[in-house]
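The file entry-v2.txt comes next; it holds compact mmCIF, C-alpha atoms.
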```
# COMPACT_ATOMS: atom_id res chain seq x y z
CA MET C 1 -19.76 -71.45 11.36
CA SER C 2 -19.60 -67.68 10.97
CA ALA C 3 -16.94 -65.98 8.89
CA LYS C 4 -13.94 -64.79 10.83
CA LYS C 5 -14.06 -61.07 11.59
CA SER C 6 -11.10 -58.79 11.04
CA HIS C 7 -10.07 -56.53 13.89
CA LYS C 8 -10.51 -52.80 13.62
CA PHE C 9 -9.01 -49.87 15.48
CA TYR C 10 -11.06 -47.20 17.22
CA GLY C 11 -9.19 -44.50 15.32
CA HIS C 12 -5.91 -44.16 13.49
CA GLY C 13 -4.45 -47.37 14.91
CA ILE C 14 -0.74 -48.17 14.93
CA PRO C 15 1.42 -47.39 11.86
CA ARG C 16 2.24 -50.42 9.70
CA VAL C 17 -0.11 -52.71 11.65
CA LYS C 18 -2.74 -54.29 9.41
CA PRO C 19 -6.01 -55.26 11.14
CA GLU C 20 -6.31 -58.37 8.98
CA ASP C 21 -3.06 -59.68 10.51
CA LEU C 22 -4.57 -59.75 14.01
CA GLY C 23 -5.97 -63.24 14.14
CA GLY C 24 -6.45 -63.74 17.87
CA LYS C 25 -9.24 -62.63 20.17
CA LEU C 26 -9.24 -59.63 22.50
CA ILE C 27 -11.53 -60.00 25.51
CA VAL C 28 -11.88 -57.27 28.12
CA VAL C 29 -13.19 -57.49 31.69
CA GLU C 30 -13.99 -54.08 33.19
CA GLY C 31 -15.17 -53.09 36.65
CA ALA C 32 -14.21 -51.27 39.81
CA ASP C 33 -11.98 -52.68 42.53
CA GLY C 34 -14.20 -55.09 44.42
CA SER C 35 -16.26 -56.04 41.38
CA GLY C 36 -14.64 -59.47 41.22
CA ARG C 37 -12.49 -58.82 38.15
CA SER C 38 -9.38 -60.61 39.44
CA THR C 39 -11.37 -63.68 40.50
CA GLN C 40 -13.17 -63.88 37.19
CA ILE C 41 -10.04 -63.40 35.10
CA ALA C 42 -8.17 -66.11 37.02
CA GLU C 43 -11.08 -68.52 36.44
CA LEU C 44 -11.32 -67.58 32.77
CA VAL C 45 -7.59 -68.07 32.16
CA ASN C 46 -7.73 -71.50 33.75
CA TRP C 47 -10.81 -72.42 31.71
CA LEU C 48 -9.37 -71.17 28.40
CA GLU C 49 -5.94 -72.73 28.81
CA THR C 50 -7.39 -76.03 30.04
CA SER C 51 -9.42 -76.13 26.85
CA GLY C 52 -6.24 -75.65 24.80
CA ARG C 53 -6.47 -71.94 24.05
CA PRO C 54 -3.22 -70.06 24.76
CA THR C 55 -3.96 -66.90 26.70
CA VAL C 56 -2.02 -63.72 27.44
CA GLN C 57 -2.98 -61.26 30.20
CA VAL C 58 -2.61 -57.49 30.22
CA GLY C 59 -3.96 -54.74 32.48
CA LEU C 60 -3.43 -51.29 33.91
CA LYS C 61 0.02 -50.36 35.22
CA ARG C 62 1.70 -53.50 33.89
CA SER C 63 4.05 -51.93 31.36
CA THR C 64 7.71 -52.70 32.01
CA LEU C 65 8.44 -49.22 30.66
CA VAL C 66 6.50 -46.99 33.05
CA SER C 67 4.50 -49.02 35.57
CA GLU C 68 6.85 -48.39 38.51
CA GLU C 69 7.15 -44.68 37.74
CA LEU C 70 3.37 -44.41 37.38
CA GLU C 71 2.89 -46.05 40.76
CA LYS C 72 5.34 -43.61 42.37
CA ALA C 73 3.68 -40.63 40.72
CA GLN C 74 0.30 -41.69 42.05
CA ASP C 75 1.66 -42.23 45.54
CA GLY C 76 3.06 -38.72 45.55
CA ASN C 77 -0.02 -37.20 43.87
CA VAL C 78 2.31 -34.76 42.08
CA LEU C 79 1.04 -34.89 38.48
CA SER C 80 -1.57 -32.75 36.78
CA ARG C 81 -4.64 -34.56 35.45
CA THR C 82 -3.46 -34.25 31.85
CA THR C 83 0.02 -35.56 32.65
CA LEU C 84 -1.39 -38.47 34.65
CA SER C 85 -3.74 -39.26 31.77
CA LEU C 86 -0.82 -39.35 29.33
CA PHE C 87 1.18 -41.49 31.77
CA TYR C 88 -1.60 -44.10 31.70
CA ALA C 89 -1.82 -43.80 27.92
CA THR C 90 1.92 -44.53 27.69
CA ASP C 91 1.47 -47.60 29.90
CA PHE C 92 -1.31 -48.80 27.58
CA ALA C 93 0.62 -48.01 24.37
CA ASP C 94 3.69 -49.93 25.55
CA GLN C 95 1.64 -53.03 26.34
CA LEU C 96 -0.26 -52.65 23.07
CA GLU C 97 2.89 -52.60 20.97
CA ASN C 98 4.86 -55.23 22.88
CA ILE C 99 2.21 -57.66 24.16
CA ILE C 100 -1.30 -57.19 22.76
CA LEU C 101 -0.56 -56.85 19.05
CA PRO C 102 2.13 -59.60 18.91
CA ALA C 103 -0.21 -61.95 20.79
CA LEU C 104 -3.12 -61.23 18.46
CA LYS C 105 -0.86 -61.74 15.44
CA ALA C 106 0.13 -65.13 16.89
CA GLY C 107 -3.53 -66.11 17.26
CA PHE C 108 -3.61 -65.96 21.08
CA ILE C 109 -6.50 -64.89 23.25
CA VAL C 110 -5.64 -61.62 25.00
CA LEU C 111 -7.52 -61.22 28.27
CA SER C 112 -7.38 -57.63 29.46
CA ASP C 113 -7.97 -56.70 33.11
CA ARG C 114 -9.58 -53.34 32.25
CA TYR C 115 -8.91 -51.43 29.05
CA ILE C 116 -9.21 -47.93 27.62
CA TYR C 117 -12.77 -47.59 28.98
CA THR C 118 -11.62 -47.33 32.60
CA LEU C 119 -8.97 -44.81 31.59
CA MET C 120 -11.50 -42.72 29.66
CA ALA C 121 -14.14 -42.93 32.40
CA ARG C 122 -11.64 -41.84 35.07
CA ASP C 123 -10.57 -38.87 32.96
CA MET C 124 -14.09 -37.83 32.00
CA VAL C 125 -15.18 -37.87 35.64
CA ARG C 126 -12.25 -35.51 36.24
CA GLY C 127 -13.38 -33.12 33.53
CA MET C 128 -11.21 -34.22 30.61
CA ASP C 129 -12.54 -33.70 27.08
CA GLU C 130 -14.13 -36.85 25.63
CA LYS C 131 -13.20 -35.99 22.04
CA TRP C 132 -9.54 -35.56 23.05
CA LEU C 133 -9.61 -38.92 24.85
CA LYS C 134 -11.15 -40.72 21.88
CA ASN C 135 -8.37 -39.38 19.68
CA LEU C 136 -5.72 -40.34 22.25
CA TYR C 137 -6.97 -43.92 22.37
CA GLY C 138 -7.52 -44.20 18.63
CA ILE C 139 -4.54 -46.58 18.71
CA ALA C 140 -6.65 -49.20 20.50
CA PRO C 141 -7.97 -52.28 18.70
CA VAL C 142 -11.71 -52.85 19.05
CA PRO C 143 -12.13 -55.88 21.37
CA ASP C 144 -14.11 -58.95 20.38
CA ALA C 145 -16.01 -58.74 23.67
CA VAL C 146 -16.14 -56.35 26.63
CA PHE C 147 -17.80 -57.20 29.94
CA TYR C 148 -18.40 -54.54 32.56
CA LEU C 149 -18.92 -56.09 36.00
CA SER C 150 -21.48 -53.80 37.60
CA VAL C 151 -21.69 -53.71 41.40
CA GLU C 152 -23.59 -51.18 43.49
CA PRO C 153 -21.27 -48.68 45.25
CA GLU C 154 -22.56 -49.72 48.69
CA GLU C 155 -21.61 -53.32 47.95
CA LEU C 156 -18.21 -52.22 46.60
CA VAL C 157 -17.50 -50.47 49.92
CA GLN C 158 -18.16 -53.64 51.88
CA ARG C 159 -16.09 -55.81 49.55
CA ASN C 160 -13.10 -53.45 49.61
CA LEU C 161 -13.18 -53.02 53.37
CA SER C 162 -13.50 -56.78 53.84
CA LYS C 163 -10.51 -57.42 51.60
CA ASN C 164 -8.18 -54.52 52.42
CA ALA C 165 -9.62 -52.99 55.63
CA THR C 166 -9.28 -49.62 53.87
CA LEU C 167 -10.42 -47.70 50.77
CA ASP C 168 -7.99 -46.74 48.00
CA TYR C 169 -7.30 -43.00 47.58
CA TRP C 170 -7.80 -43.00 43.80
CA GLU C 171 -10.68 -45.48 43.73
CA SER C 172 -12.38 -43.19 46.23
CA GLY C 173 -11.83 -40.10 44.07
CA MET C 174 -10.22 -38.26 46.98
CA ASP C 175 -8.30 -36.05 44.54
CA LEU C 176 -11.62 -34.56 43.40
CA GLY C 177 -12.64 -33.07 46.74
CA LEU C 178 -16.03 -34.77 46.67
CA SER C 179 -16.02 -35.17 50.46
CA ARG C 180 -13.59 -35.00 53.35
CA GLU C 181 -14.76 -38.44 54.41
CA VAL C 182 -13.23 -41.23 52.31
CA PHE C 183 -16.34 -43.39 52.76
CA ASP C 184 -18.66 -40.73 51.33
CA SER C 185 -16.17 -39.82 48.61
CA PHE C 186 -15.93 -43.46 47.55
CA LEU C 187 -19.72 -43.75 47.15
CA LYS C 188 -19.96 -40.52 45.15
CA TYR C 189 -16.98 -41.33 42.95
CA GLN C 190 -18.06 -44.88 42.16
CA ALA C 191 -21.57 -43.65 41.33
CA SER C 192 -20.01 -41.17 38.89
CA MET C 193 -17.86 -43.92 37.36
CA GLN C 194 -20.92 -46.12 36.89
CA SER C 195 -22.71 -43.28 35.14
CA ALA C 196 -19.72 -42.76 32.86
CA PHE C 197 -19.64 -46.46 31.98
CA LYS C 198 -23.36 -46.56 31.25
CA ALA C 199 -22.96 -43.53 28.96
CA MET C 200 -20.02 -45.20 27.17
CA GLN C 201 -21.98 -48.42 26.80
CA LYS C 202 -24.26 -46.62 24.33
CA THR C 203 -21.20 -45.78 22.22
CA TYR C 204 -19.11 -48.93 22.58
CA GLY C 205 -21.84 -51.52 23.07
CA PHE C 206 -20.20 -53.66 25.75
CA ASP C 207 -22.04 -56.12 27.97
CA ILE C 208 -23.06 -54.92 31.43
CA VAL C 209 -22.95 -57.94 33.74
CA ASP C 210 -24.69 -57.93 37.12
CA ALA C 211 -21.81 -58.75 39.46
CA ASN C 212 -23.80 -58.29 42.66
CA ARG C 213 -24.41 -62.05 42.33
CA SER C 214 -22.16 -64.93 43.36
CA ALA C 215 -18.81 -65.33 41.61
CA ASN C 216 -19.96 -68.70 40.25
CA ALA C 217 -23.09 -67.21 38.66
CA VAL C 218 -21.07 -64.41 37.06
CA ASN C 219 -18.44 -66.85 35.77
CA LYS C 220 -21.09 -69.08 34.24
CA GLU C 221 -22.51 -66.12 32.31
CA LEU C 222 -19.05 -64.97 31.15
CA ARG C 223 -18.10 -68.43 29.91
CA LYS C 224 -21.32 -68.72 27.94
CA LYS C 225 -20.84 -65.35 26.27
CA ILE C 226 -17.13 -65.87 25.58
CA SER C 227 -17.87 -69.29 24.08
CA SER C 228 -20.20 -67.63 21.56
CA VAL C 229 -17.41 -65.19 20.64
CA LEU C 230 -14.90 -67.99 20.15
CA ASP C 231 -17.37 -69.90 17.99
CA THR C 232 -17.03 -67.17 15.35
CA GLU C 233 -13.51 -68.38 14.57
```

Starting from the coordinates I provided, produce the structure as structure tokens.
Amino acid sequence: MSAKKSHKFYGHGIPRVKPEDLGGKLIVVEGADGSGRSTQIAELVNWLETSGRPTVQVGLKRSTLVSEELEKAQDGNVLSRTTLSLFYATDFADQLENIILPALKAGFIVLSDRYIYTLMARDMVRGMDEKWLKNLYGIAPVPDAVFYLSVEPEELVQRNLSKNATLDYWESGMDLGLSREVFDSFLKYQASMQSAFKAMQKTYGFDIVDANRSANAVNKELRKKISSVLDTE
């Protein structure tokens, strides 16, 4: 059995938090809307908890502190890109301090429905400085595993329309003026997001999972890879 690894932070971390005290596992599932994230996470939670591993879930816009205000701000489209970026960072920081770190200290598995990578990719596609973003998210612990569910933009369109009968304003990048047509804007924006993720993969080394396949095939691969991570305990 391999020696247990201590968690690290991407940058300066959180004051008075020692990485060696974080004994749990942090597992991240990334991907666009329509990539199957929610389905996979629900299956993984059931699998982990059935096998006796207590699991805590976190994700974007779930902070009790600012999630409602963030939702309202997005609906009104009234914030500058920098302010919106900091709003999301506050949402993440609140969950980090009150959910993620306590859970890791208690030895839980933290399953994150997207993480700082989505936030950074969204901001970089909108012209934000990568160095500034890396510093902003230096508070984030390095996950034990990150899986990016990659789905072709054309397939994402079909999945989103099938599920919601419409395309989300922000997931279509309509604020960027890529196209007057939401369909075309969605394809261009998601292609840009995929490029950003592939570029970040070289830096952060996460797994790119082909999610154009069936949900069962994707889940089988995720379980296998997560099992190998848990075996390092």

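As for CA of Asp113 (chain C) and CA of Val58 (chain C), they are spaced 6.1 Å apart.
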
Please provide as a PyMOL selection string all residues within 12 Å of Ala93 (chain C), with the sequence filter that same-chain residues fewer than 2 positions apart are discarded (counting all atoms listed in the file). chain C and resi 13-14+58-67+86-91+95-101+115-116+136-141

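The residue set within 8 Å of region 28-38 of chain C, counting all atoms listed in the file and dropping same-chain residues fewer than 2 places from it, reads Leu26, Gln40, Ile41, Ala42, Leu111, Ser112, Asp113, Arg114, Tyr115, Tyr117, Thr118, Pro143, Ala145, Val146, Phe147, Tyr148, Leu149, Ser150, Val151, Leu156, Val157, Arg159, Asn160, Glu171, Gln190, Ala211, Asn212 and Ala215 of chain C.
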
Would you pick out the contacts of region 219-231 of chain C at 9 Å or less, using all atoms listed in the file, so that residues sharing its chain but fewer than 2 positions from it are not included, and give the list as a VMD selection string? chain C and resid 1 to 2 25 27 40 43 to 44 47 144 to 145 147 209 214 to 217 233

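Of the residues under consideration (C:Glu68, C:Asp129, C:Ala106, C:Arg53), C:Asp129 shows the shortest atom-to-atom contact distance to Ser85 (chain C) when counting only C-alpha atoms.
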
Distance query Met124 (chain C) at most 10 Å, all atoms listed in the file, self and fewer than 3 positions along chain excluded, as a CSV table (one decimal) with C-alpha atoms, keeping the file's coordinate frame:
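Output (part-v2.csv):
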```csv
chain,number,residue,atom,x,y,z
C,118,THR,CA,-11.6,-47.3,32.6
C,119,LEU,CA,-9.0,-44.8,31.6
C,120,MET,CA,-11.5,-42.7,29.7
C,121,ALA,CA,-14.1,-42.9,32.4
C,127,GLY,CA,-13.4,-33.1,33.5
C,128,MET,CA,-11.2,-34.2,30.6
C,129,ASP,CA,-12.5,-33.7,27.1
C,130,GLU,CA,-14.1,-36.8,25.6
C,133,LEU,CA,-9.6,-38.9,24.8
C,192,SER,CA,-20.0,-41.2,38.9
C,193,MET,CA,-17.9,-43.9,37.4
C,196,ALA,CA,-19.7,-42.8,32.9
```

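For the pair CA of Lys8 (chain C) and CA of Lys198 (chain C), the interatomic distance is 22.7 Å.
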
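For Pro102 (chain C), the residues within 12 Å (counting only C-alpha atoms, excluding itself and residues fewer than 5 positions away along the chain) are Val17, Lys18, Asp21, Leu22, Gly23, Gly24, Lys25, Leu26, Val56, Asp94, Gln95, Leu96, Glu97, Gly107, Phe108, Ile109 and Val110 of chain C.
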